[in-house]
$ cat model-v1.cif   # mmCIF, C-alpha atoms and all ligand atoms
data_data
#
loop_
_atom_site.label_atom_id
_atom_site.label_comp_id
_atom_site.auth_asym_id
_atom_site.auth_seq_id
_atom_site.Cartn_x
_atom_site.Cartn_y
_atom_site.Cartn_z
CA MET A 1 -19.89 13.33 5.45
CA ASN A 2 -18.17 12.44 2.14
CA GLU A 3 -14.77 13.91 1.31
CA THR A 4 -13.00 14.17 -2.04
CA VAL A 5 -9.26 14.32 -2.63
CA HIS A 6 -8.10 15.22 -6.13
CA VAL A 7 -4.98 13.69 -7.66
CA GLY A 8 -3.71 16.43 -9.96
CA LEU A 9 -2.05 14.59 -12.80
CA GLY A 10 -3.23 16.55 -15.85
CA GLU A 11 -4.91 14.24 -18.34
CA ARG A 12 -4.49 11.36 -15.87
CA ALA A 13 -6.09 13.29 -12.96
CA TYR A 14 -8.79 11.60 -10.87
CA ASP A 15 -10.79 11.91 -7.67
CA ILE A 16 -10.69 9.83 -4.51
CA HIS A 17 -14.10 9.72 -2.79
CA ILE A 18 -13.94 8.92 0.92
CA GLY A 19 -16.90 8.26 3.21
CA PRO A 20 -19.61 5.84 4.30
CA GLY A 21 -22.14 4.19 1.96
CA LEU A 22 -20.09 4.49 -1.21
CA LEU A 23 -20.65 0.89 -2.38
CA ALA A 24 -24.37 1.60 -2.56
CA ARG A 25 -23.62 4.70 -4.65
CA ALA A 26 -20.92 3.07 -6.80
CA GLY A 27 -23.11 2.99 -9.93
CA ALA A 28 -23.92 6.69 -9.75
CA LEU A 29 -20.26 7.57 -9.16
CA ILE A 30 -18.87 5.35 -11.93
CA ALA A 31 -21.58 5.93 -14.57
CA PRO A 32 -20.24 9.33 -15.75
CA ILE A 33 -16.93 7.76 -16.81
CA LEU A 34 -18.35 4.55 -18.37
CA ALA A 35 -18.65 4.14 -22.13
CA ARG A 36 -21.25 1.37 -21.79
CA PRO A 37 -23.18 0.16 -18.69
CA GLN A 38 -21.13 -2.88 -17.75
CA VAL A 39 -17.99 -3.56 -15.68
CA ARG A 40 -15.75 -6.52 -14.88
CA VAL A 41 -14.80 -6.79 -11.22
CA VAL A 42 -11.75 -8.57 -9.79
CA THR A 43 -11.94 -9.36 -6.10
CA ASP A 44 -10.84 -11.93 -3.51
CA GLU A 45 -12.83 -14.59 -1.73
CA ASN A 46 -13.02 -12.78 1.64
CA VAL A 47 -14.24 -9.51 0.16
CA ALA A 48 -16.61 -11.26 -2.25
CA ALA A 49 -18.25 -13.23 0.56
CA ILE A 50 -19.05 -10.10 2.56
CA HIS A 51 -19.38 -7.18 0.15
CA LEU A 52 -19.83 -8.26 -3.49
CA GLU A 53 -23.64 -8.27 -3.46
CA THR A 54 -23.71 -4.74 -2.01
CA LEU A 55 -21.48 -3.58 -4.86
CA ARG A 56 -23.61 -5.46 -7.41
CA SER A 57 -26.79 -3.71 -6.23
CA GLY A 58 -25.01 -0.33 -5.99
CA LEU A 59 -24.04 -0.69 -9.65
CA ALA A 60 -27.48 -2.01 -10.64
CA GLU A 61 -29.09 1.15 -9.16
CA ALA A 62 -27.48 3.00 -12.08
CA GLY A 63 -28.30 0.24 -14.60
CA ILE A 64 -24.71 -1.13 -14.65
CA THR A 65 -24.21 -4.89 -14.88
CA MET A 66 -21.14 -6.70 -13.56
CA GLU A 67 -19.33 -10.02 -13.83
CA ALA A 68 -16.76 -10.94 -11.17
CA LEU A 69 -13.58 -12.98 -10.95
CA VAL A 70 -12.97 -14.14 -7.38
CA LEU A 71 -9.32 -14.91 -6.55
CA PRO A 72 -7.83 -16.49 -3.41
CA ALA A 73 -7.04 -14.00 -0.64
CA GLY A 74 -3.48 -13.19 0.41
CA GLU A 75 -0.12 -11.92 -0.81
CA SER A 76 0.68 -15.10 -2.78
CA THR A 77 -2.07 -14.09 -5.24
CA LYS A 78 0.19 -11.23 -6.42
CA SER A 79 2.05 -13.66 -8.70
CA TRP A 80 2.31 -14.77 -12.34
CA PRO A 81 -0.26 -17.61 -12.19
CA HIS A 82 -3.06 -15.39 -10.83
CA PHE A 83 -1.99 -12.53 -13.06
CA THR A 84 -2.23 -14.77 -16.14
CA ARG A 85 -5.59 -16.08 -15.01
CA THR A 86 -6.89 -12.53 -14.51
CA VAL A 87 -5.73 -11.25 -17.90
CA GLU A 88 -7.15 -14.31 -19.68
CA TRP A 89 -10.48 -13.97 -17.85
CA LEU A 90 -10.72 -10.30 -18.85
CA LEU A 91 -10.01 -11.28 -22.47
CA GLU A 92 -12.61 -14.08 -22.33
CA GLN A 93 -15.03 -11.46 -21.04
CA LYS A 94 -14.22 -9.40 -24.16
CA VAL A 95 -13.31 -6.33 -22.17
CA GLU A 96 -12.80 -3.53 -24.66
CA ARG A 97 -10.38 -0.63 -24.61
CA ARG A 98 -13.04 1.88 -23.52
CA ASP A 99 -14.38 -0.39 -20.73
CA LEU A 100 -13.39 -0.10 -17.08
CA VAL A 101 -12.10 -2.92 -14.89
CA VAL A 102 -12.88 -2.65 -11.17
CA ALA A 103 -10.34 -3.69 -8.51
CA PHE A 104 -12.48 -4.54 -5.46
CA GLY A 105 -10.33 -5.56 -2.51
CA GLY A 106 -7.15 -4.85 -0.58
CA GLY A 107 -3.75 -3.93 -1.93
CA VAL A 108 -3.15 -7.37 -3.40
CA ILE A 109 -6.22 -7.16 -5.64
CA GLY A 110 -5.55 -3.50 -6.46
CA ASP A 111 -1.93 -4.07 -7.49
CA LEU A 112 -2.70 -7.22 -9.52
CA THR A 113 -5.81 -5.84 -11.25
CA GLY A 114 -4.16 -2.49 -11.97
CA PHE A 115 -1.27 -4.29 -13.66
CA ALA A 116 -3.70 -6.45 -15.67
CA ALA A 117 -5.51 -3.27 -16.77
CA ALA A 118 -2.17 -1.69 -17.71
CA VAL A 119 -1.31 -4.44 -20.20
CA LEU A 120 -4.75 -5.57 -21.41
CA ARG A 121 -5.11 -4.51 -25.05
CA ARG A 122 -2.11 -2.23 -24.23
CA GLY A 123 -4.06 -0.46 -21.52
CA VAL A 124 -7.66 -0.18 -20.33
CA GLY A 125 -9.01 2.06 -17.60
CA PHE A 126 -9.69 0.85 -14.07
CA VAL A 127 -11.47 1.90 -10.92
CA GLN A 128 -10.08 1.21 -7.48
CA ILE A 129 -12.63 0.28 -4.80
CA PRO A 130 -10.22 -0.36 -1.92
CA THR A 131 -11.63 -2.39 0.96
CA SER A 132 -8.69 -2.63 3.40
CA LEU A 133 -7.33 0.30 5.41
CA LEU A 134 -3.99 -0.17 3.67
CA ALA A 135 -5.59 0.03 0.24
CA GLN A 136 -7.68 3.09 1.17
CA VAL A 137 -4.74 5.09 2.51
CA ASP A 138 -2.06 3.95 0.09
CA SER A 139 -2.21 1.26 -2.58
CA SER A 140 -5.34 2.45 -4.45
CA VAL A 141 -3.75 5.85 -5.06
CA GLY A 142 -0.78 6.74 -7.24
CA GLY A 143 -0.74 4.10 -9.96
CA LYS A 144 1.98 1.72 -8.79
CA THR A 145 0.69 -1.67 -9.98
CA GLY A 146 2.37 -5.04 -10.19
CA ILE A 147 3.15 -8.47 -8.82
CA ASN A 148 5.97 -10.07 -6.85
CA ALA A 149 8.79 -12.11 -8.42
CA PRO A 150 10.76 -14.94 -6.79
CA GLN A 151 13.66 -12.43 -6.83
CA GLY A 152 11.80 -9.77 -4.86
CA LYS A 153 8.79 -7.67 -4.03
CA ASN A 154 6.81 -5.80 -6.73
CA LEU A 155 9.59 -6.37 -9.27
CA ILE A 156 7.21 -6.77 -12.22
CA GLY A 157 4.72 -4.00 -12.89
CA ALA A 158 3.79 -0.70 -14.43
CA PHE A 159 2.73 2.80 -13.51
CA HIS A 160 -0.95 2.91 -14.45
CA GLN A 161 -3.23 5.43 -12.75
CA PRO A 162 -6.83 4.53 -11.89
CA ASN A 163 -9.67 6.64 -13.32
CA LEU A 164 -11.48 6.86 -9.98
CA VAL A 165 -11.06 5.68 -6.37
CA LEU A 166 -14.03 4.92 -4.07
CA ALA A 167 -12.96 4.42 -0.44
CA ASP A 168 -16.07 3.30 1.46
CA ILE A 169 -15.26 3.66 5.15
CA ASP A 170 -18.05 1.24 6.16
CA VAL A 171 -16.25 -1.79 4.71
CA LEU A 172 -13.34 -1.33 7.11
CA GLY A 173 -15.67 -2.66 9.82
CA THR A 174 -15.29 -6.24 8.58
CA LEU A 175 -11.47 -6.32 8.53
CA THR A 176 -9.75 -8.56 11.07
CA PRO A 177 -7.92 -6.56 13.77
CA ARG A 178 -4.62 -7.84 12.36
CA ASP A 179 -5.39 -6.61 8.83
CA PHE A 180 -6.63 -3.27 10.17
CA LEU A 181 -3.43 -2.73 12.16
CA ALA A 182 -1.28 -3.70 9.18
CA GLY A 183 -2.91 -0.85 7.26
CA TYR A 184 -2.26 1.42 10.22
CA GLY A 185 1.46 0.87 9.60
CA GLU A 186 1.14 2.84 6.34
CA VAL A 187 -0.95 5.55 8.06
CA VAL A 188 1.80 6.09 10.66
CA LYS A 189 4.32 6.21 7.78
CA TYR A 190 2.71 9.42 6.45
CA GLY A 191 3.11 11.20 9.77
CA LEU A 192 6.68 10.02 10.07
CA LEU A 193 7.71 11.01 6.56
CA GLY A 194 6.18 14.45 6.35
CA ASP A 195 3.68 15.61 8.96
CA SER A 196 4.62 15.62 12.65
CA ASN A 197 1.21 17.10 13.57
CA PHE A 198 -0.48 14.13 11.93
CA PHE A 199 1.78 11.73 13.86
CA GLU A 200 0.91 13.55 17.09
CA TRP A 201 -2.79 13.31 16.19
CA LEU A 202 -2.37 9.56 15.61
CA GLU A 203 -0.71 9.18 19.01
CA GLY A 204 -3.96 10.50 20.49
CA GLN A 205 -6.52 9.10 18.05
CA GLY A 206 -4.94 5.75 17.09
CA PRO A 207 -6.97 3.74 19.63
CA ALA A 208 -10.24 5.40 18.49
CA LEU A 209 -9.35 4.63 14.88
CA ALA A 210 -8.73 0.98 15.72
CA SER A 211 -11.94 0.68 17.68
CA GLY A 212 -14.06 1.94 14.78
CA ASP A 213 -14.57 5.70 15.27
CA GLU A 214 -15.98 6.76 11.88
CA SER A 215 -14.92 10.39 11.87
CA ALA A 216 -11.37 9.47 13.00
CA ARG A 217 -11.19 6.87 10.21
CA ILE A 218 -12.37 9.36 7.59
CA ALA A 219 -9.87 11.96 8.84
CA ALA A 220 -6.98 9.47 8.74
CA VAL A 221 -7.83 8.19 5.25
CA ARG A 222 -8.30 11.75 3.98
CA ARG A 223 -4.99 13.06 5.38
CA SER A 224 -3.10 10.01 4.08
CA CYS A 225 -4.62 10.39 0.60
CA GLU A 226 -3.93 14.14 0.57
CA MET A 227 -0.28 13.53 1.35
CA LYS A 228 0.07 10.75 -1.19
CA ALA A 229 -1.78 12.74 -3.89
CA GLU A 230 0.48 15.73 -3.35
CA ILE A 231 3.68 13.67 -3.62
CA VAL A 232 2.46 11.66 -6.63
CA ALA A 233 1.40 14.82 -8.48
CA ARG A 234 4.94 16.15 -7.98
CA ASP A 235 6.76 12.97 -9.01
CA GLU A 236 4.49 10.40 -10.65
CA THR A 237 7.15 7.86 -11.62
CA GLU A 238 9.49 8.14 -8.62
CA GLN A 239 12.34 10.07 -10.16
CA GLY A 240 12.88 11.85 -6.84
CA ASP A 241 10.58 12.76 -3.95
CA ARG A 242 8.07 9.93 -4.44
CA ALA A 243 10.65 7.66 -2.83
CA LEU A 244 9.65 9.31 0.48
CA LEU A 245 6.57 7.04 0.36
CA ASN A 246 9.05 4.18 0.58
CA LEU A 247 10.00 5.02 4.18
CA GLY A 248 10.66 1.70 5.95
CA HIS A 249 10.18 -0.29 2.73
CA THR A 250 13.80 -1.25 1.98
CA PHE A 251 13.78 -3.24 5.23
CA CYS A 252 10.14 -4.29 4.80
CA HIS A 253 10.50 -5.77 1.32
CA ALA A 254 13.58 -7.78 2.35
CA LEU A 255 11.67 -9.11 5.36
CA GLU A 256 8.64 -9.99 3.22
CA ALA A 257 10.87 -11.89 0.78
CA ALA A 258 12.63 -13.59 3.69
CA THR A 259 9.33 -14.75 5.17
CA GLY A 260 7.94 -16.00 1.84
CA TYR A 261 5.17 -13.41 1.18
CA GLY A 262 2.82 -15.23 3.53
CA SER A 263 0.96 -14.75 6.76
CA ARG A 264 4.15 -14.67 8.88
CA LEU A 265 4.56 -11.01 8.01
CA LEU A 266 1.95 -8.80 6.33
CA HIS A 267 3.15 -5.86 4.23
CA GLY A 268 1.90 -3.22 6.67
CA GLU A 269 3.52 -5.06 9.58
CA GLY A 270 6.81 -5.01 7.70
CA VAL A 271 6.35 -1.28 7.07
CA ALA A 272 5.94 -0.63 10.82
CA ILE A 273 9.09 -2.62 11.64
CA GLY A 274 10.88 -0.96 8.71
CA CYS A 275 9.93 2.54 9.90
CA ALA A 276 11.25 1.74 13.39
CA LEU A 277 14.50 0.49 11.81
CA ALA A 278 14.77 3.57 9.55
CA PHE A 279 14.48 5.87 12.58
CA GLU A 280 17.01 3.81 14.53
CA LEU A 281 19.37 4.00 11.55
CA SER A 282 18.83 7.77 11.34
CA HIS A 283 19.75 8.06 15.01
CA ARG A 284 22.90 5.92 14.58
CA LEU A 285 23.96 8.21 11.74
CA GLY A 286 23.55 11.22 14.03
CA LEU A 287 20.62 12.61 12.06
CA CYS A 288 17.94 12.58 14.75
CA SER A 289 17.77 12.35 18.53
CA GLN A 290 17.38 9.09 20.49
CA GLU A 291 13.87 10.25 21.48
CA ASP A 292 12.59 9.97 17.90
CA PRO A 293 13.06 6.20 17.38
CA SER A 294 11.82 5.62 20.94
CA ARG A 295 8.67 7.62 20.27
CA VAL A 296 8.01 5.76 17.01
CA ARG A 297 8.44 2.39 18.69
CA GLN A 298 6.33 3.39 21.68
CA HIS A 299 3.35 4.42 19.54
CA LEU A 300 3.50 1.27 17.40
CA ALA A 301 3.80 -0.89 20.52
CA GLU A 302 0.90 0.90 22.23
CA MET A 303 -1.22 0.11 19.18
CA GLY A 304 -0.32 -3.58 19.58
CA MET A 305 1.80 -3.70 16.45
CA LYS A 306 4.94 -5.57 15.54
CA VAL A 307 7.92 -3.27 16.12
CA ASP A 308 11.03 -5.49 16.26
CA LEU A 309 12.58 -8.31 14.25
CA SER A 310 11.94 -10.39 17.38
CA HIS A 311 8.19 -10.10 16.65
CA ILE A 312 8.59 -12.12 13.45
CA GLU A 313 8.08 -15.82 14.11
CA GLY A 314 10.40 -18.45 12.66
CA ASP A 315 13.80 -18.21 11.05
CA ILE A 316 14.96 -15.17 9.14
CA PRO A 317 18.29 -14.71 7.32
CA ASP A 318 21.32 -13.15 9.00
CA ALA A 319 22.36 -9.52 8.39
CA ASP A 320 24.25 -10.35 5.17
CA GLY A 321 21.32 -12.39 3.93
CA LEU A 322 18.95 -9.47 4.52
CA LEU A 323 21.37 -7.06 2.81
CA GLU A 324 21.48 -9.41 -0.17
CA LEU A 325 17.67 -9.31 -0.39
CA MET A 326 17.76 -5.50 -0.13
CA ALA A 327 20.03 -5.39 -3.19
CA GLN A 328 16.91 -6.01 -5.36
CA ASP A 329 15.32 -2.76 -4.13
CA LYS A 330 14.06 -0.60 -6.99
CA LYS A 331 15.71 2.47 -5.50
CA VAL A 332 19.20 1.01 -6.08
CA ILE A 333 21.37 3.17 -8.37
CA ASP A 334 24.74 1.89 -9.65
CA GLY A 335 24.50 -0.97 -7.18
CA GLN A 336 24.19 1.49 -4.28
CA LEU A 337 21.25 1.20 -1.88
CA ARG A 338 19.23 4.34 -1.19
CA PHE A 339 17.39 4.80 2.09
CA ILE A 340 14.68 7.09 3.39
CA LEU A 341 16.07 8.56 6.61
CA ALA A 342 14.77 11.29 8.93
CA ARG A 343 16.10 14.35 10.73
CA GLY A 344 13.11 14.06 13.06
CA ILE A 345 9.48 12.98 13.03
CA GLY A 346 7.92 14.33 9.83
CA GLU A 347 11.30 15.22 8.32
CA ALA A 348 12.24 12.37 5.99
CA PHE A 349 14.63 12.61 3.06
CA VAL A 350 16.17 10.27 0.48
CA THR A 351 19.89 9.48 0.56
CA SER A 352 22.45 7.02 -0.76
CA ASP A 353 24.97 8.24 1.82
CA VAL A 354 24.56 5.30 4.21
CA PRO A 355 27.65 3.17 4.96
CA ARG A 356 26.86 -0.52 4.47
CA ASN A 357 28.58 -1.44 7.75
CA VAL A 358 26.21 0.81 9.76
CA VAL A 359 23.19 -0.96 8.25
CA ARG A 360 24.85 -4.34 8.81
CA ASP A 361 25.61 -3.53 12.47
CA LEU A 362 22.05 -2.34 13.03
CA LEU A 363 20.62 -5.55 11.59
CA GLN A 364 23.05 -7.68 13.58
CA ASP A 365 22.10 -5.92 16.82
CA GLU A 366 18.39 -6.26 16.08
CA LEU A 367 18.76 -9.93 15.14
CA ALA A 368 20.70 -10.60 18.36
CA ARG A 369 17.63 -9.48 20.35
CA ARG A 370 15.54 -12.30 18.81
N1 LIG B 401 0.57 0.09 -5.10
C1 LIG B 401 0.93 0.70 -3.99
O1 LIG B 401 1.21 1.90 -3.98
C2 LIG B 401 0.95 -0.07 -2.71
C3 LIG B 401 1.02 0.62 -1.50
C4 LIG B 401 1.03 -0.11 -0.33
C5 LIG B 401 0.92 -1.49 -0.37
N2 LIG B 401 0.82 -2.12 -1.56
C6 LIG B 401 0.64 -3.57 -1.62
O2 LIG B 401 -0.61 -3.89 -0.99
C7 LIG B 401 -0.56 -5.22 -0.52
C8 LIG B 401 -1.10 -5.28 0.90
O3 LIG B 401 -2.44 -4.83 0.88
P1 LIG B 401 -3.48 -5.28 2.00
O4 LIG B 401 -2.88 -5.11 3.34
O5 LIG B 401 -4.75 -4.64 1.68
O6 LIG B 401 -3.53 -6.85 1.76
P2 LIG B 401 -4.65 -7.80 1.13
O7 LIG B 401 -5.14 -7.30 -0.15
O8 LIG B 401 -4.09 -9.18 1.21
O9 LIG B 401 -5.83 -7.65 2.18
C9 LIG B 401 -5.60 -8.07 3.50
C10 LIG B 401 -6.66 -9.11 3.93
O10 LIG B 401 -7.86 -8.43 4.22
C11 LIG B 401 -8.94 -9.02 3.52
N3 LIG B 401 -9.90 -7.94 3.29
C12 LIG B 401 -9.74 -6.86 2.49
N4 LIG B 401 -10.78 -6.04 2.65
C13 LIG B 401 -11.60 -6.61 3.57
C14 LIG B 401 -12.81 -6.22 4.18
N5 LIG B 401 -13.38 -5.04 3.93
N6 LIG B 401 -13.38 -7.06 5.06
C15 LIG B 401 -12.80 -8.24 5.38
N7 LIG B 401 -11.63 -8.65 4.86
C16 LIG B 401 -11.05 -7.83 3.95
C17 LIG B 401 -8.34 -9.64 2.30
O11 LIG B 401 -9.13 -10.66 1.79
C18 LIG B 401 -7.01 -10.14 2.87
O12 LIG B 401 -7.22 -11.39 3.48
C19 LIG B 401 0.90 -5.65 -0.59
O13 LIG B 401 1.06 -6.51 -1.69
C20 LIG B 401 1.64 -4.36 -0.82
O14 LIG B 401 2.84 -4.55 -1.52
C21 LIG B 401 0.84 -1.43 -2.72
O1 LIG B 402 3.33 4.66 -3.81
C1 LIG B 402 4.53 4.58 -3.53
O2 LIG B 402 5.39 5.18 -4.19
C2 LIG B 402 4.99 3.75 -2.41
O3 LIG B 402 6.18 3.53 -2.26
C3 LIG B 402 3.94 3.21 -1.49
C4 LIG B 402 4.39 1.96 -0.73
O4 LIG B 402 3.64 1.94 0.47
C5 LIG B 402 4.05 0.67 -1.47
O5 LIG B 402 4.30 -0.42 -0.63
C6 LIG B 402 4.69 0.49 -2.82
O6 LIG B 402 4.11 -0.59 -3.49
C7 LIG B 402 6.16 0.21 -2.73
O7 LIG B 402 6.69 0.47 -3.97
P1 LIG B 402 8.03 -0.20 -4.52
O8 LIG B 402 8.28 0.60 -5.75
O9 LIG B 402 9.08 -0.05 -3.47
O10 LIG B 402 7.70 -1.62 -4.81
ZN ZN B 403 3.83 0.00 1.42
#
$ encode --input "model-v1.cif" --output "structure tokens" --more "lines below"
Ligand SMILES: NC(=O)c1ccc[n+]([C@@H]2O[C@H](COP(=O)([O-])OP(=O)(O)OC[C@H]3O[C@@H](n4cnc5c(N)ncnc54)[C@H](O)[C@@H]3O)[C@@H](O)[C@H]2O)c1
Ligand SMILES: O=C(O)C(=O)C[C@@H](O)[C@H](O)[C@H](O)COP(=O)(O)O
Ligand SMILES: [Zn+2]
Amino acid sequence: MNETVHVGLGERAYDIHIGPGLLARAGALIAPILARPQVRVVTDENVAAIHLETLRSGLAEAGITMEALVLPAGESTKSWPHFTRTVEWLLEQKVERRDLVVAFGGGVIGDLTGFAAAVLRRGVGFVQIPTSLLAQVDSSVGGKTGINAPQGKNLIGAFHQPNLVLADIDVLGTLTPRDFLAGYGEVVKYGLLGDSNFFEWLEGQGPALASGDESARIAAVRRSCEMKAEIVARDETEQGDRALLNLGHTFCHALEAATGYGSRLLHGEGVAIGCALAFELSHRLGLCSQEDPSRVRQHLAEMGMKVDLSHIEGDIPDADGLLELMAQDKKVIDGQLRFILARGIGEAFVTSDVPRNVVRDLLQDELARR
């Protein structure tokens, strides 16, 4: 029942194992790449409470000992204070250059721990054991690591590939429905950016995925990882095509900054809203038919997801305020925003040819519906 996706990056290549029961086998899977039988694990309080002892015994089966740092859960942990605490803890633990650090949690823990590993003693290896759907389909793969800055999302970080990824499908069973659906936003993104058959499959299988169907979950994680691995192998540091994985994110990151990186808007929720906006923008620019944004919105709505700016509670900035936040996007070149747009479902492309007034009008219209 286990699947393996290979990320073909030459000397930085690694495998993603996907399937049930992987925590119990973690020791056996990690042992071949360990220099000595000990690891340091960074996790959050939710994951630790439910799954840390299973990981500890899975490692112990192969004679590997572990110490853990348990951080608070949530996006605000992806910040300087927790980053400093993590790096100092790893140094206190005398983690050596040939040791491996384990990121055991969702995307927040993966991004923070990966960045700590990137700078610790100028770079130590790390293993991703992603426990949220979002982390299994996206953040644990591809080596983007980092933290948020007051100026914007993920503005401080490094490309640092993991040495191994273990995506245990069983742990998805303890996610809250809200966190599961947030991760689903990134799954839908893959279909929208490059695989219309996958999107069509999700239209049929999305409800089964959400209600816990194991084979549907494995298939969705595998297809997402295959697509991400293929793009990352082509363009590891986002000089070109990797930006496709940013579909919906220019809007999403501005909305996350506007809502204070808290529980008002989760990253995956912002991605879903951002994808709907990107398709609407594509339609307004005459790139795709009206049916495409409608179909995107309909599937997200049927899954019970946030689709519109009106689904975000509380105040958000006006159109100019959101455009100002977008100006910090890492895809900006010579002060010019770049967007991921689509000629249809599964046909995304990267462009800077987007008049500011069209984006402004779109945001104004969407804000007026709040
Ligand atoms: N590096 C990348 O390529 C990349 C890609 C996508 C997203 N991200 C980042 O990932 C972050 C979002 O990740 P996320 O949605 O996993 O958020 P998260 O890490 O905050 O996890 C969501 C919530 O689920 C809980 N949780 C995780 N696994 C659980 C489990 N098995 N059982 C019960 N609870 C569990 C966490 O404690 C948390 O409360 C954002 O910061 C985003 O920017 C990075
Ligand atoms: O891996 C990538 O590349 C992505 O863009 C994946 C995104 O889902 C993810 O949210 C990423 O962290 C965004 O990257 P950023 O460079 O726009 O911060
Ligand atoms: Zn994302």
$ residues_near_point --input "model-v1.cif" --point "(-7.8, -1.1, 22.5)" --cutoff "10 Å" --atoms "all atoms listed in the file" --output "ChimeraX atom specification"
/A:206-211,302-304
$ residues_around --input "model-v1.cif" --residues "Ala319 (chain A)" --least-positions-apart "3" --cutoff "9 Å" --atoms "only C-alpha atoms" --output "mmCIF file with C-alpha atoms, in the frame of the given file"
data_model
loop_
_atom_site.group_PDB
_atom_site.id
_atom_site.type_symbol
_atom_site.label_atom_id
_atom_site.label_comp_id
_atom_site.auth_asym_id
_atom_site.auth_seq_id
_atom_site.Cartn_x
_atom_site.Cartn_y
_atom_site.Cartn_z
ATOM 1 C CA LEU A 322 18.950 -9.470 4.520
ATOM 2 C CA LEU A 323 21.370 -7.060 2.810
ATOM 3 C CA GLU A 324 21.480 -9.410 -0.170
ATOM 4 C CA VAL A 359 23.190 -0.960 8.250
ATOM 5 C CA ARG A 360 24.850 -4.340 8.810
ATOM 6 C CA ASP A 361 25.610 -3.530 12.470
ATOM 7 C CA LEU A 362 22.050 -2.340 13.030
ATOM 8 C CA LEU A 363 20.620 -5.550 11.590
ATOM 9 C CA GLN A 364 23.050 -7.680 13.580
ATOM 10 C CA LEU A 367 18.760 -9.930 15.140
#
$ closest_residue --input "model-v1.cif" --among "A:Ala272, A:Leu192, A:Ile109, A:Ala118" --to "ligand LIG 401 (chain B)" --atoms "all atoms listed in the file"
A:Ile109
$ residues_near_point --input "model-v1.cif" --point "(10.1, -8.5, -8.7)" --cutoff "12 Å" --atoms "all atoms listed in the file" --output "PyMOL selection string"
chain A and resi 78-80+145-158+253-254+257+325-330
$ closest_residue --input "model-v1.cif" --among "A:Ser76, A:Ser139, A:Thr43, A:Ser263" --to "ligand ZN 403 (chain B)" --atoms "all atoms listed in the file"
A:Ser139
$ residues_near_ligand --input "model-v1.cif" --ligand "ligand LIG 402 (chain B)" --cutoff "9 Å" --atoms "only C-alpha atoms and all ligand atoms" --output "short mmCIF file (atom, residue, chain, number, x, y, z; two decimals) with C-alpha atoms, in the coordinates of the input"
data_model
loop_
_atom_site.label_atom_id
_atom_site.label_comp_id
_atom_site.auth_asym_id
_atom_site.auth_seq_id
_atom_site.Cartn_x
_atom_site.Cartn_y
_atom_site.Cartn_z
CA GLY A 107 -3.75 -3.93 -1.93
CA ASP A 111 -1.93 -4.07 -7.49
CA LEU A 134 -3.99 -0.17 3.67
CA ASP A 138 -2.06 3.95 0.09
CA SER A 139 -2.21 1.26 -2.58
CA SER A 140 -5.34 2.45 -4.45
CA VAL A 141 -3.75 5.85 -5.06
CA GLY A 142 -0.78 6.74 -7.24
CA GLY A 143 -0.74 4.10 -9.96
CA LYS A 144 1.98 1.72 -8.79
CA THR A 145 0.69 -1.67 -9.98
CA GLY A 146 2.37 -5.04 -10.19
CA ASN A 148 5.97 -10.07 -6.85
CA LYS A 153 8.79 -7.67 -4.03
CA ASN A 154 6.81 -5.80 -6.73
CA LEU A 155 9.59 -6.37 -9.27
CA GLY A 157 4.72 -4.00 -12.89
CA GLU A 186 1.14 2.84 6.34
CA LYS A 189 4.32 6.21 7.78
CA LYS A 228 0.07 10.75 -1.19
CA ILE A 231 3.68 13.67 -3.62
CA VAL A 232 2.46 11.66 -6.63
CA GLU A 236 4.49 10.40 -10.65
CA THR A 237 7.15 7.86 -11.62
CA GLU A 238 9.49 8.14 -8.62
CA ARG A 242 8.07 9.93 -4.44
CA ALA A 243 10.65 7.66 -2.83
CA LEU A 244 9.65 9.31 0.48
CA LEU A 245 6.57 7.04 0.36
CA ASN A 246 9.05 4.18 0.58
CA LEU A 247 10.00 5.02 4.18
CA GLY A 248 10.66 1.70 5.95
CA HIS A 249 10.18 -0.29 2.73
CA THR A 250 13.80 -1.25 1.98
CA CYS A 252 10.14 -4.29 4.80
CA HIS A 253 10.50 -5.77 1.32
CA HIS A 267 3.15 -5.86 4.23
CA GLY A 268 1.90 -3.22 6.67
CA VAL A 271 6.35 -1.28 7.07
CA ASP A 329 15.32 -2.76 -4.13
CA LYS A 330 14.06 -0.60 -6.99
CA LYS A 331 15.71 2.47 -5.50
#
$ axis_aligned_box --input "model-v1.cif" --around "ligand LIG 401 (chain B)" --padding-each-side "6 Å" --output "AutoDock Vina command-line options"
--center_x -5.3 --center_y -4.7 --center_z 0.1 --size_x 28.2 --size_y 25.3 --size_z 22.5
$ residues_around --input "model-v1.cif" --residues "region 276-291 of chain A" --least-positions-apart "5" --cutoff "7 Å" --atoms "all atoms listed in the file" --output "PyMOL selection string"
chain A and resi 248+296-297+307+341-344
$ atom_distance --input "model-v1.cif" --atom1 "CA of Ala229 (chain A)" --atom2 "CA of Val7 (chain A)"
5.0 Å
$ residues_around --input "model-v1.cif" --residues "Gln128 (chain A)" --least-positions-apart "4" --cutoff "7 Å" --atoms "only C-alpha atoms" --output "JSON, numbers by chain"
{"A": [102, 103, 104, 110, 140, 162, 164, 165, 166]}
$ atom_distance --input "model-v1.cif" --atom1 "CA of Gly106 (chain A)" --atom2 "CA of Ala219 (chain A)"
19.5 Å
$ atom_distance --input "model-v1.cif" --atom1 "CA of Asp213 (chain A)" --atom2 "CA of Gly173 (chain A)"
10.0 Å
$ closest_residue --input "model-v1.cif" --among "A:Arg25, A:His17, A:Arg178, A:Arg85" --to "ligand LIG 401 (chain B)" --atoms "all atoms listed in the file"
A:Arg178
$ residues_around --input "model-v1.cif" --residues "region 30-41 of chain A" --least-positions-apart "4" --cutoff "8 Å" --atoms "all atoms listed in the file" --output "ChimeraX atom specification"
/A:26,62-69,90,93,95,98-104,164
